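Text of the file run17.cif, holding mmCIF, C-alpha atoms:
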```
data_model
#
loop_
_atom_site.group_PDB
_atom_site.id
_atom_site.type_symbol
_atom_site.label_atom_id
_atom_site.label_comp_id
_atom_site.auth_asym_id
_atom_site.auth_seq_id
_atom_site.Cartn_x
_atom_site.Cartn_y
_atom_site.Cartn_z
ATOM 1 C CA MET A 1 14.350 -19.213 41.460
ATOM 2 C CA SER A 2 14.410 -17.692 37.954
ATOM 3 C CA SER A 3 11.184 -17.049 35.969
ATOM 4 C CA PRO A 4 10.430 -18.891 32.636
ATOM 5 C CA ALA A 5 10.920 -15.585 30.771
ATOM 6 C CA ALA A 6 14.333 -15.162 32.383
ATOM 7 C CA GLY A 7 15.172 -18.760 31.397
ATOM 8 C CA GLU A 8 14.159 -18.083 27.799
ATOM 9 C CA ASP A 9 16.270 -14.896 27.811
ATOM 10 C CA GLN A 10 19.215 -16.903 29.088
ATOM 11 C CA ARG A 11 18.729 -19.552 26.362
ATOM 12 C CA SER A 12 18.478 -16.848 23.659
ATOM 13 C CA ALA A 13 21.571 -15.113 24.979
ATOM 14 C CA SER A 14 23.404 -18.428 25.114
ATOM 15 C CA ALA A 15 22.265 -19.305 21.559
ATOM 16 C CA ALA A 16 23.411 -15.922 20.286
ATOM 17 C CA ALA A 17 26.750 -16.465 21.962
ATOM 18 C CA ASN A 18 27.102 -19.984 20.594
ATOM 19 C CA PRO A 19 25.170 -20.451 17.295
ATOM 20 C CA GLY A 20 26.963 -23.755 16.696
ATOM 21 C CA ALA A 21 25.473 -25.234 19.864
ATOM 22 C CA GLU A 22 22.008 -23.998 18.869
ATOM 23 C CA LEU A 23 22.323 -25.578 15.439
ATOM 24 C CA ALA A 24 23.476 -28.838 17.021
ATOM 25 C CA GLY A 25 20.421 -28.723 19.290
ATOM 26 C CA LEU A 26 18.053 -28.186 16.333
ATOM 27 C CA LEU A 27 19.684 -30.963 14.324
ATOM 28 C CA GLY A 28 19.471 -33.240 17.356
ATOM 29 C CA GLN A 29 15.717 -32.545 17.579
ATOM 30 C CA ALA A 30 15.340 -33.277 13.870
ATOM 31 C CA SER A 31 17.344 -36.471 14.130
ATOM 32 C CA THR A 32 15.227 -37.769 17.042
ATOM 33 C CA ALA A 33 11.950 -36.957 15.237
ATOM 34 C CA LEU A 34 13.143 -38.486 11.958
ATOM 35 C CA ASP A 35 14.341 -41.632 13.717
ATOM 36 C CA LEU A 36 11.025 -42.033 15.570
ATOM 37 C CA GLN A 37 8.890 -41.533 12.461
ATOM 38 C CA CYS A 38 11.064 -43.768 10.262
ATOM 39 C CA ARG A 39 10.784 -46.570 12.828
ATOM 40 C CA ALA A 40 7.000 -46.086 12.975
ATOM 41 C CA ALA A 41 6.764 -46.104 9.158
ATOM 42 C CA HIS A 42 8.908 -49.247 9.047
ATOM 43 C CA PHE A 43 6.651 -50.928 11.628
ATOM 44 C CA GLU A 44 3.495 -49.938 9.722
ATOM 45 C CA LEU A 45 4.882 -51.312 6.466
ATOM 46 C CA ARG A 46 5.748 -54.623 8.171
ATOM 47 C CA GLN A 47 2.251 -54.689 9.716
ATOM 48 C CA THR A 48 0.744 -54.027 6.282
ATOM 49 C CA GLN A 49 2.758 -56.870 4.771
ATOM 50 C CA ARG A 50 1.631 -59.274 7.503
ATOM 51 C CA LEU A 51 -2.031 -58.288 7.072
ATOM 52 C CA LEU A 52 -1.825 -58.708 3.305
ATOM 53 C CA SER A 53 -0.072 -62.041 3.578
ATOM 54 C CA ASP A 54 -2.491 -63.407 6.192
ATOM 55 C CA ALA A 55 -5.587 -62.194 4.346
ATOM 56 C CA THR A 56 -4.341 -63.547 1.012
ATOM 57 C CA ARG A 57 -3.677 -66.984 2.555
ATOM 58 C CA ARG A 58 -7.100 -67.102 4.220
ATOM 59 C CA LEU A 59 -8.907 -65.921 1.078
ATOM 60 C CA LEU A 60 -7.122 -68.520 -1.033
ATOM 61 C CA ASP A 61 -8.102 -71.213 1.487
ATOM 62 C CA CYS A 62 -11.747 -70.106 1.255
ATOM 63 C CA PHE A 63 -11.572 -70.014 -2.534
ATOM 64 C CA HIS A 64 -10.083 -73.530 -2.792
ATOM 65 C CA ALA A 65 -12.524 -74.916 -0.230
ATOM 66 C CA ALA A 66 -15.492 -73.477 -2.172
ATOM 67 C CA ALA A 67 -14.075 -74.810 -5.450
ATOM 68 C CA ARG A 68 -13.619 -78.298 -3.954
ATOM 69 C CA GLU A 69 -17.189 -78.315 -2.595
ATOM 70 C CA LEU A 70 -18.618 -77.319 -5.962
ATOM 71 C CA ALA A 71 -16.548 -79.946 -7.826
ATOM 72 C CA GLU A 72 -17.287 -82.789 -5.405
ATOM 73 C CA PRO A 73 -19.499 -85.399 -7.135
ATOM 74 C CA GLY A 74 -22.563 -86.489 -5.177
ATOM 75 C CA SER A 75 -22.239 -83.682 -2.667
ATOM 76 C CA GLU A 76 -25.656 -83.091 -1.087
ATOM 77 C CA THR A 77 -25.443 -79.387 -0.431
ATOM 78 C CA PRO A 78 -22.526 -77.933 -2.351
ATOM 79 C CA ALA A 79 -24.152 -74.509 -2.623
ATOM 80 C CA ALA A 80 -24.651 -74.273 1.142
ATOM 81 C CA ARG A 81 -21.054 -75.282 1.812
ATOM 82 C CA ALA A 82 -19.752 -72.872 -0.801
ATOM 83 C CA GLY A 83 -21.930 -70.209 0.836
ATOM 84 C CA ALA A 84 -20.277 -70.910 4.191
ATOM 85 C CA ASN A 85 -16.874 -70.446 2.592
ATOM 86 C CA LEU A 86 -17.927 -67.156 1.041
ATOM 87 C CA LEU A 87 -19.195 -66.022 4.440
ATOM 88 C CA ALA A 88 -15.791 -66.859 5.905
ATOM 89 C CA ALA A 89 -14.142 -64.942 3.046
ATOM 90 C CA SER A 90 -16.198 -61.876 4.008
ATOM 91 C CA GLN A 91 -14.131 -61.681 7.222
ATOM 92 C CA HIS A 92 -10.809 -61.832 5.391
ATOM 93 C CA LEU A 93 -11.833 -59.357 2.669
ATOM 94 C CA GLN A 94 -11.986 -56.689 5.377
ATOM 95 C CA PHE A 95 -8.176 -56.556 5.136
ATOM 96 C CA SER A 96 -8.522 -53.841 2.499
ATOM 97 C CA ASP A 97 -9.946 -51.407 5.075
ATOM 98 C CA LEU A 98 -7.206 -52.136 7.629
ATOM 99 C CA VAL A 99 -4.459 -51.906 5.021
ATOM 100 C CA ALA A 100 -5.888 -48.685 3.528
ATOM 101 C CA GLN A 101 -5.843 -47.058 6.989
ATOM 102 C CA LEU A 102 -2.243 -48.158 7.555
ATOM 103 C CA LEU A 103 -1.119 -46.905 4.153
ATOM 104 C CA ASN A 104 -2.838 -43.532 4.761
ATOM 105 C CA SER A 105 -1.028 -43.231 8.068
ATOM 106 C CA THR A 106 2.336 -44.129 6.556
ATOM 107 C CA GLU A 107 1.786 -41.703 3.670
ATOM 108 C CA GLU A 108 0.987 -38.918 6.161
ATOM 109 C CA ARG A 109 4.134 -39.802 8.126
ATOM 110 C CA VAL A 110 6.352 -39.770 5.013
ATOM 111 C CA ASP A 111 4.831 -36.416 3.909
ATOM 112 C CA GLY A 112 5.682 -35.043 7.374
ATOM 113 C CA LEU A 113 9.250 -36.337 7.080
ATOM 114 C CA LEU A 114 9.642 -34.716 3.652
ATOM 115 C CA HIS A 115 8.354 -31.411 5.007
ATOM 116 C CA VAL A 116 10.846 -31.508 7.896
ATOM 117 C CA SER A 117 13.638 -32.358 5.469
ATOM 118 C CA GLU A 118 12.694 -29.379 3.246
ATOM 119 C CA ARG A 119 12.560 -26.982 6.225
ATOM 120 C CA LEU A 120 15.912 -28.284 7.468
ATOM 121 C CA GLN A 121 17.492 -27.558 4.080
ATOM 122 C CA GLU A 122 16.055 -24.020 4.134
ATOM 123 C CA LEU A 123 17.339 -23.536 7.677
ATOM 124 C CA LEU A 124 20.845 -24.634 6.692
ATOM 125 C CA ARG A 125 20.738 -22.257 3.683
ATOM 126 C CA ALA A 126 19.674 -19.399 5.944
ATOM 127 C CA LEU A 127 22.507 -20.181 8.351
ATOM 128 C CA SER A 128 25.089 -19.859 5.617
ATOM 129 C CA ALA A 129 23.543 -16.879 3.784
ATOM 130 C CA PRO A 130 25.035 -13.507 4.660
ATOM 131 C CA GLY A 131 23.103 -10.300 4.012
ATOM 132 C CA PRO A 132 21.314 -7.409 5.683
ATOM 133 C CA ASN A 133 18.236 -9.506 6.549
ATOM 134 C CA ALA A 134 20.112 -12.684 7.503
ATOM 135 C CA GLY A 135 18.991 -12.524 11.140
ATOM 136 C CA GLU A 136 15.323 -12.147 10.235
ATOM 137 C CA ARG A 137 15.473 -14.938 7.689
ATOM 138 C CA LEU A 138 17.206 -17.241 10.140
ATOM 139 C CA ALA A 139 14.554 -16.548 12.789
ATOM 140 C CA PHE A 140 11.806 -17.255 10.229
ATOM 141 C CA GLU A 141 13.419 -20.512 9.099
ATOM 142 C CA LYS A 142 13.916 -21.655 12.692
ATOM 143 C CA ARG A 143 10.229 -21.089 13.417
ATOM 144 C CA ALA A 144 9.193 -22.875 10.214
ATOM 145 C CA PHE A 145 11.483 -25.798 11.031
ATOM 146 C CA LEU A 146 10.133 -26.139 14.592
ATOM 147 C CA ASP A 147 6.546 -25.915 13.258
ATOM 148 C CA ALA A 148 7.313 -28.735 10.795
ATOM 149 C CA LEU A 149 8.704 -30.848 13.650
ATOM 150 C CA ALA A 150 5.580 -30.192 15.729
ATOM 151 C CA GLU A 151 3.382 -31.224 12.783
ATOM 152 C CA LEU A 152 5.422 -34.392 12.385
ATOM 153 C CA GLU A 153 4.782 -35.366 15.992
ATOM 154 C CA GLY A 154 1.038 -35.200 15.379
ATOM 155 C CA CYS A 155 0.981 -37.273 12.209
ATOM 156 C CA GLY A 156 0.341 -40.953 11.697
ATOM 157 C CA SER A 157 -2.656 -41.301 13.971
ATOM 158 C CA THR A 158 -3.616 -44.816 12.865
ATOM 159 C CA ARG A 159 -5.530 -46.872 15.378
ATOM 160 C CA VAL A 160 -4.999 -50.110 13.473
ATOM 161 C CA HIS A 161 -3.289 -52.510 15.846
ATOM 162 C CA GLN A 162 -4.243 -55.697 14.003
ATOM 163 C CA SER A 163 -1.464 -57.631 12.295
ATOM 164 C CA ASP A 164 -3.535 -60.613 11.183
ATOM 165 C CA MET A 165 -7.106 -61.308 10.142
ATOM 166 C CA THR A 166 -8.277 -62.959 13.364
ATOM 167 C CA ALA A 167 -11.755 -61.670 14.193
ATOM 168 C CA GLY A 168 -11.928 -58.782 16.663
ATOM 169 C CA GLU A 169 -13.767 -58.854 19.975
ATOM 170 C CA THR A 170 -17.467 -58.128 20.381
ATOM 171 C CA GLU A 171 -18.836 -56.357 23.444
ATOM 172 C CA LEU A 172 -22.436 -55.427 24.169
ATOM 173 C CA PHE A 173 -22.880 -52.652 26.736
ATOM 174 C CA MET B 1 -37.282 -61.832 11.102
ATOM 175 C CA SER B 2 -36.054 -59.391 8.468
ATOM 176 C CA LYS B 3 -34.796 -56.076 9.839
ATOM 177 C CA LEU B 4 -33.946 -52.835 8.074
ATOM 178 C CA VAL B 5 -30.298 -52.068 8.824
ATOM 179 C CA LEU B 6 -28.277 -48.906 8.131
ATOM 180 C CA THR B 7 -24.546 -49.525 7.684
ATOM 181 C CA VAL B 8 -22.216 -46.509 7.866
ATOM 182 C CA ASP B 9 -18.575 -46.839 6.818
ATOM 183 C CA ASP B 10 -16.226 -44.890 4.531
ATOM 184 C CA SER B 11 -14.689 -48.167 3.339
ATOM 185 C CA ALA B 12 -16.591 -49.590 0.370
ATOM 186 C CA ALA B 13 -15.141 -53.059 1.127
ATOM 187 C CA ILE B 14 -16.537 -53.036 4.669
ATOM 188 C CA ARG B 15 -19.937 -51.769 3.462
ATOM 189 C CA GLU B 16 -20.091 -54.501 0.819
ATOM 190 C CA MET B 17 -19.081 -57.222 3.283
ATOM 191 C CA LEU B 18 -21.599 -56.004 5.862
ATOM 192 C CA ALA B 19 -24.341 -55.955 3.218
ATOM 193 C CA TYR B 20 -23.408 -59.452 2.027
ATOM 194 C CA VAL B 21 -23.438 -60.927 5.546
ATOM 195 C CA LEU B 22 -26.621 -59.154 6.683
ATOM 196 C CA LYS B 23 -28.511 -59.995 3.480
ATOM 197 C CA SER B 24 -27.410 -63.632 3.767
ATOM 198 C CA ALA B 25 -29.185 -63.598 7.145
ATOM 199 C CA GLY B 26 -32.360 -62.187 5.529
ATOM 200 C CA HIS B 27 -32.026 -58.531 6.489
ATOM 201 C CA ARG B 28 -32.478 -55.470 4.272
ATOM 202 C CA VAL B 29 -29.574 -53.045 4.121
ATOM 203 C CA ILE B 30 -29.089 -49.388 3.222
ATOM 204 C CA GLU B 31 -25.492 -48.110 3.067
ATOM 205 C CA ALA B 32 -24.041 -44.707 3.984
ATOM 206 C CA GLU B 33 -20.450 -43.596 3.391
ATOM 207 C CA ASP B 34 -19.927 -41.258 6.350
ATOM 208 C CA GLY B 35 -21.668 -40.029 9.478
ATOM 209 C CA MET B 36 -23.400 -37.112 7.760
ATOM 210 C CA ASP B 37 -24.737 -39.372 4.997
ATOM 211 C CA GLY B 38 -25.814 -41.839 7.691
ATOM 212 C CA LEU B 39 -27.706 -39.189 9.643
ATOM 213 C CA GLN B 40 -29.535 -38.019 6.502
ATOM 214 C CA LYS B 41 -30.524 -41.592 5.633
ATOM 215 C CA ALA B 42 -31.604 -42.240 9.226
ATOM 216 C CA LEU B 43 -33.903 -39.215 9.031
ATOM 217 C CA ALA B 44 -35.381 -40.413 5.737
ATOM 218 C CA ASN B 45 -36.055 -43.995 6.945
ATOM 219 C CA GLN B 46 -36.869 -45.748 10.214
ATOM 220 C CA PHE B 47 -34.159 -48.352 10.768
ATOM 221 C CA ASP B 48 -34.300 -51.277 13.198
ATOM 222 C CA LEU B 49 -30.531 -51.270 13.664
ATOM 223 C CA ILE B 50 -27.576 -49.036 12.813
ATOM 224 C CA ILE B 51 -24.001 -50.300 12.455
ATOM 225 C CA THR B 52 -21.407 -47.554 12.172
ATOM 226 C CA ASP B 53 -17.660 -47.145 11.854
ATOM 227 C CA GLN B 54 -15.912 -44.677 14.206
ATOM 228 C CA SER B 55 -13.252 -42.882 12.097
ATOM 229 C CA MET B 56 -14.933 -41.300 9.071
ATOM 230 C CA PRO B 57 -14.774 -37.996 7.204
ATOM 231 C CA LYS B 58 -17.428 -35.314 7.787
ATOM 232 C CA MET B 59 -18.871 -36.951 10.926
ATOM 233 C CA ASP B 60 -17.382 -39.722 13.069
ATOM 234 C CA GLY B 61 -19.304 -42.642 14.551
ATOM 235 C CA ILE B 62 -19.565 -41.385 18.135
ATOM 236 C CA THR B 63 -20.880 -37.999 16.947
ATOM 237 C CA LEU B 64 -23.425 -39.875 14.816
ATOM 238 C CA VAL B 65 -24.518 -41.940 17.843
ATOM 239 C CA LYS B 66 -25.027 -38.748 19.877
ATOM 240 C CA ALA B 67 -26.996 -37.104 17.043
ATOM 241 C CA LEU B 68 -29.201 -40.179 16.643
ATOM 242 C CA ARG B 69 -29.831 -40.545 20.374
ATOM 243 C CA ALA B 70 -31.080 -36.946 20.408
ATOM 244 C CA LEU B 71 -33.845 -37.958 17.984
ATOM 245 C CA PRO B 72 -36.960 -39.473 19.637
ATOM 246 C CA GLN B 73 -37.332 -42.080 16.858
ATOM 247 C CA TYR B 74 -33.795 -43.414 17.540
ATOM 248 C CA ALA B 75 -33.770 -43.154 21.328
ATOM 249 C CA ALA B 76 -34.165 -46.926 21.712
ATOM 250 C CA VAL B 77 -32.882 -48.291 18.388
ATOM 251 C CA PRO B 78 -29.737 -50.433 18.792
ATOM 252 C CA ILE B 79 -26.568 -48.821 17.443
ATOM 253 C CA LEU B 80 -23.373 -50.854 17.094
ATOM 254 C CA LEU B 81 -19.925 -49.305 16.596
ATOM 255 C CA LEU B 82 -17.770 -51.399 14.276
ATOM 256 C CA THR B 83 -14.211 -50.137 14.276
ATOM 257 C CA THR B 84 -10.500 -50.978 14.224
ATOM 258 C CA GLU B 85 -10.145 -49.264 17.600
ATOM 259 C CA SER B 86 -10.232 -51.308 20.772
ATOM 260 C CA SER B 87 -8.992 -48.941 23.486
ATOM 261 C CA ASP B 88 -11.002 -48.820 26.714
ATOM 262 C CA GLY B 89 -11.120 -45.022 26.512
ATOM 263 C CA MET B 90 -12.818 -45.038 23.103
ATOM 264 C CA LYS B 91 -15.215 -47.782 24.212
ATOM 265 C CA ASP B 92 -16.200 -45.697 27.240
ATOM 266 C CA GLU B 93 -16.805 -42.756 24.936
ATOM 267 C CA GLY B 94 -19.022 -44.930 22.753
ATOM 268 C CA ARG B 95 -20.926 -46.269 25.748
ATOM 269 C CA THR B 96 -21.460 -42.766 27.143
ATOM 270 C CA ALA B 97 -22.673 -41.527 23.734
ATOM 271 C CA GLY B 98 -25.359 -44.208 23.809
ATOM 272 C CA ALA B 99 -23.976 -47.026 21.649
ATOM 273 C CA THR B 100 -25.407 -50.491 22.255
ATOM 274 C CA GLY B 101 -22.191 -52.394 21.571
ATOM 275 C CA TRP B 102 -18.619 -52.288 20.273
ATOM 276 C CA LEU B 103 -17.316 -54.616 17.571
ATOM 277 C CA VAL B 104 -13.664 -54.696 16.557
ATOM 278 C CA LYS B 105 -12.724 -55.244 12.895
ATOM 279 C CA PRO B 106 -12.355 -57.624 11.229
ATOM 280 C CA PHE B 107 -15.782 -58.900 12.259
ATOM 281 C CA ASP B 108 -16.636 -62.588 12.304
ATOM 282 C CA PRO B 109 -19.705 -62.898 10.024
ATOM 283 C CA ASN B 110 -21.406 -65.561 12.150
ATOM 284 C CA LYS B 111 -20.822 -63.603 15.357
ATOM 285 C CA LEU B 112 -22.205 -60.481 13.690
ATOM 286 C CA ILE B 113 -25.382 -62.325 12.699
ATOM 287 C CA ASP B 114 -25.749 -63.543 16.315
ATOM 288 C CA VAL B 115 -25.225 -60.048 17.724
ATOM 289 C CA VAL B 116 -27.769 -58.560 15.286
ATOM 290 C CA ALA B 117 -30.311 -61.193 16.315
ATOM 291 C CA LYS B 118 -29.639 -60.473 19.998
ATOM 292 C CA VAL B 119 -29.932 -56.676 19.865
ATOM 293 C CA THR B 120 -32.962 -56.568 17.557
ATOM 294 C CA ARG B 121 -35.032 -59.146 19.483
#
```
Spell out the structure here as structure tokens.
Amino acid sequence: MSSPAAGEDQRSASAAANPGAELAGLLGQASTALDLQCRAAHFELRQTQRLLSDATRRLLDCFHAAARELAEPGSETPAARAGANLLAASQHLQFSDLVAQLLNSTEERVDGLLHVSERLQELLRALSAPGPNAGERLAFEKRAFLDALAELEGCGSTRVHQSDMTAGETELF
Amino acid sequence: MSKLVLTVDDSAAIREMLAYVLKSAGHRVIEAEDGMDGLQKALANQFDLIITDQSMPKMDGITLVKALRALPQYAAVPILLLTTESSDGMKDEGRTAGATGWLVKPFDPNKLIDVVAKVTR
């Protein structure tokens, strides 16, 4: 059985022998990461739209209900009923927190994608740039590119799973 | 009976909604915008109940719960975590830290009032 160091040596030797295959491998990694993050960003934007739409509908319902109660002639307790509608609105107004968290996550994801894209461009430039330090520069750009990919994997840590404004569960320990 | 409640959340909208709901039920409310701010306000006042978010800058909710539980004056004061997170792992972490309960956002205002009444009895 070969050791991990021997395996790494073999991969390096193979990459040196076939730089085209190494580049294809790096681009494949980039493509997979970009695809994953774009799908996640797309999902978060759809989730944000659904939250906004649901919250807006519910807030408008509360607003109209309160307005009707206040306008109703002979109503015994319009203020109390309007108060109940405002209390209900306080649940739906929490959408701004959920949406802000989702937008922060998507922004972080898009920043990560941009960074990977920039590093990929630098890597491709290094691959096509001849010169006495070409090898060193290529090694640096490869490391920077792989670091950007690793950062991308860690981004977008939102824990917002809600897609509508239904109240969450309550649990006492 | 009116209670003094500390609400800790980095979202101004959530703090305002919590204050509105709790005040409508007759409670007094002091707001803090992160865990560190919450801890400082908890040291400066004696609260009957603390409601805190989990994900916040400077100090998160579970760290705040641990810090408060280490203080003799907050050893038995109810602390509720109010958060978007609902994973069992995070709940276990909250329970182990000493939280009294876990509420998932968005909160139902009437349910919140009931829970506050129950834990501050």
Could you list the residues in chain B lying within 7 Å of chain A, using all atoms listed in the file, and format the result as a VMD selection string? chain B and resid 11 13 to 14 17 21 84 to 85 95 100 to 109
note - atom CA of B:Gln40 and atom CA of B:Lys58 are separated by 12.5 Å
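Candidate residues B:Gln73, B:Thr96, B:Thr52, B:Asn45 were compared for distance to B:Arg15, and the nearest is B:Thr52, using all atoms listed in the file.
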With a distance cut-off of 9 Å and all atoms listed in the file, select the neighbouring residues of B:Lys41, excluding the residue or stretch itself and same-chain residues fewer than 4 positions from it, and output the selection as a VMD selection string. chain B and resid 6 30 to 32 36 to 37 45 to 46
Name the residues within 9 Å of (0.8, -54.9, 5.3), counting all atoms listed in the file in the file's coordinates, and put them as number ranges by chain. A: 44-53, 98-99, 102-103, 163
Pull out every residue that the PyMOL selection byres ((chain B and resi 93) around 12) matches in the shown coordinates and put them as a compact mmCIF listing (two decimals) with C-alpha atoms, in the coordinates of the input.
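This is the output file out-v8.txt:
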```txt
# COMPACT_ATOMS: atom_id res chain seq x y z
CA PHE A 173 -22.88 -52.65 26.74
CA GLN B 54 -15.91 -44.68 14.21
CA GLY B 61 -19.30 -42.64 14.55
CA ILE B 62 -19.57 -41.38 18.14
CA THR B 63 -20.88 -38.00 16.95
CA VAL B 65 -24.52 -41.94 17.84
CA LYS B 66 -25.03 -38.75 19.88
CA LEU B 81 -19.92 -49.30 16.60
CA GLU B 85 -10.14 -49.26 17.60
CA SER B 86 -10.23 -51.31 20.77
CA SER B 87 -8.99 -48.94 23.49
CA ASP B 88 -11.00 -48.82 26.71
CA GLY B 89 -11.12 -45.02 26.51
CA MET B 90 -12.82 -45.04 23.10
CA LYS B 91 -15.22 -47.78 24.21
CA ASP B 92 -16.20 -45.70 27.24
CA GLY B 94 -19.02 -44.93 22.75
CA ARG B 95 -20.93 -46.27 25.75
CA THR B 96 -21.46 -42.77 27.14
CA ALA B 97 -22.67 -41.53 23.73
CA GLY B 98 -25.36 -44.21 23.81
CA ALA B 99 -23.98 -47.03 21.65
CA THR B 100 -25.41 -50.49 22.26
CA GLY B 101 -22.19 -52.39 21.57
CA TRP B 102 -18.62 -52.29 20.27
```
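Residues with any atom within 10 Å of the point (13.8, -29.1, 5.0), counting all atoms listed in the file, are Ala30, Leu113, Leu114, His115, Val116, Ser117, Glu118, Arg119, Leu120, Gln121, Glu122, Leu123, Leu124, Arg125, Glu141, Ala144, Phe145 and Ala148 of chain A.
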Can you tell me, as lines of an AutoDock Vina configuration file, the centre and edge lengths (Å, one decimal) of the axis-aligned box enclosing all of stretch 21-39 of chain B's listed atoms after padding each side by 4 Å?
```
center_x = -26.2
center_y = -50.4
center_z = 6.4
size_x = 20.6
size_y = 34.5
size_z = 14.6
```
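The residue that comes closest to B:Gly26, out of B:Val119, B:Ala67, B:Val5, B:Met56 and on the basis of all atoms listed in the file, is B:Val5.
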Could you work out how far atom CA of B:Ile50 lies from atom CA of B:Tyr20, giving the answer in Å with one decimal? 15.6 Å
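Using only C-alpha atoms for every distance, the candidate list B:Val8, B:Leu112, B:Ala42, B:Leu82 yields B:Ala42 as the residue closest to B:Arg69.
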Missing atoms in stretch 45-57 of chain B: fill them in up to N, CA and C atoms and send the result as a PDB file, keeping the file's coordinate frame.
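Output contents, as saved in out.pdb:
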```pdb
ATOM      1  N   ASN B  45     -35.516 -42.634   6.761  1.00  0.00           N
ATOM      2  CA  ASN B  45     -36.055 -43.995   6.945  1.00  0.00           C
ATOM      3  C   ASN B  45     -36.120 -44.294   8.438  1.00  0.00           C
ATOM      4  N   GLN B  46     -36.894 -45.305   8.806  1.00  0.00           N
ATOM      5  CA  GLN B  46     -36.869 -45.748  10.214  1.00  0.00           C
ATOM      6  C   GLN B  46     -36.174 -47.113  10.254  1.00  0.00           C
ATOM      7  N   PHE B  47     -34.937 -47.112  10.734  1.00  0.00           N
ATOM      8  CA  PHE B  47     -34.159 -48.352  10.768  1.00  0.00           C
ATOM      9  C   PHE B  47     -34.379 -49.107  12.076  1.00  0.00           C
ATOM     10  N   ASP B  48     -34.213 -50.430  11.993  1.00  0.00           N
ATOM     11  CA  ASP B  48     -34.300 -51.277  13.198  1.00  0.00           C
ATOM     12  C   ASP B  48     -32.944 -51.402  13.879  1.00  0.00           C
ATOM     13  N   LEU B  49     -31.885 -51.136  13.125  1.00  0.00           N
ATOM     14  CA  LEU B  49     -30.531 -51.270  13.664  1.00  0.00           C
ATOM     15  C   LEU B  49     -29.588 -50.397  12.837  1.00  0.00           C
ATOM     16  N   ILE B  50     -28.601 -49.811  13.520  1.00  0.00           N
ATOM     17  CA  ILE B  50     -27.576 -49.036  12.813  1.00  0.00           C
ATOM     18  C   ILE B  50     -26.210 -49.587  13.206  1.00  0.00           C
ATOM     19  N   ILE B  51     -25.381 -49.856  12.206  1.00  0.00           N
ATOM     20  CA  ILE B  51     -24.001 -50.300  12.455  1.00  0.00           C
ATOM     21  C   ILE B  51     -23.086 -49.243  11.848  1.00  0.00           C
ATOM     22  N   THR B  52     -22.248 -48.640  12.682  1.00  0.00           N
ATOM     23  CA  THR B  52     -21.407 -47.554  12.172  1.00  0.00           C
ATOM     24  C   THR B  52     -19.935 -47.699  12.549  1.00  0.00           C
ATOM     25  N   ASP B  53     -19.105 -47.254  11.629  1.00  0.00           N
ATOM     26  CA  ASP B  53     -17.660 -47.145  11.854  1.00  0.00           C
ATOM     27  C   ASP B  53     -17.425 -45.955  12.790  1.00  0.00           C
ATOM     28  N   GLN B  54     -16.229 -45.844  13.363  1.00  0.00           N
ATOM     29  CA  GLN B  54     -15.912 -44.677  14.206  1.00  0.00           C
ATOM     30  C   GLN B  54     -15.202 -43.580  13.394  1.00  0.00           C
ATOM     31  N   SER B  55     -14.036 -43.911  12.803  1.00  0.00           N
ATOM     32  CA  SER B  55     -13.252 -42.882  12.097  1.00  0.00           C
ATOM     33  C   SER B  55     -13.759 -42.712  10.668  1.00  0.00           C
ATOM     34  N   MET B  56     -14.402 -41.578  10.418  1.00  0.00           N
ATOM     35  CA  MET B  56     -14.933 -41.300   9.071  1.00  0.00           C
ATOM     36  C   MET B  56     -14.834 -39.819   8.799  1.00  0.00           C
ATOM     37  N   PRO B  57     -14.758 -39.431   7.521  1.00  0.00           N
ATOM     38  CA  PRO B  57     -14.774 -37.996   7.204  1.00  0.00           C
ATOM     39  C   PRO B  57     -16.155 -37.399   7.494  1.00  0.00           C
TER      40      PRO B  57
END
```
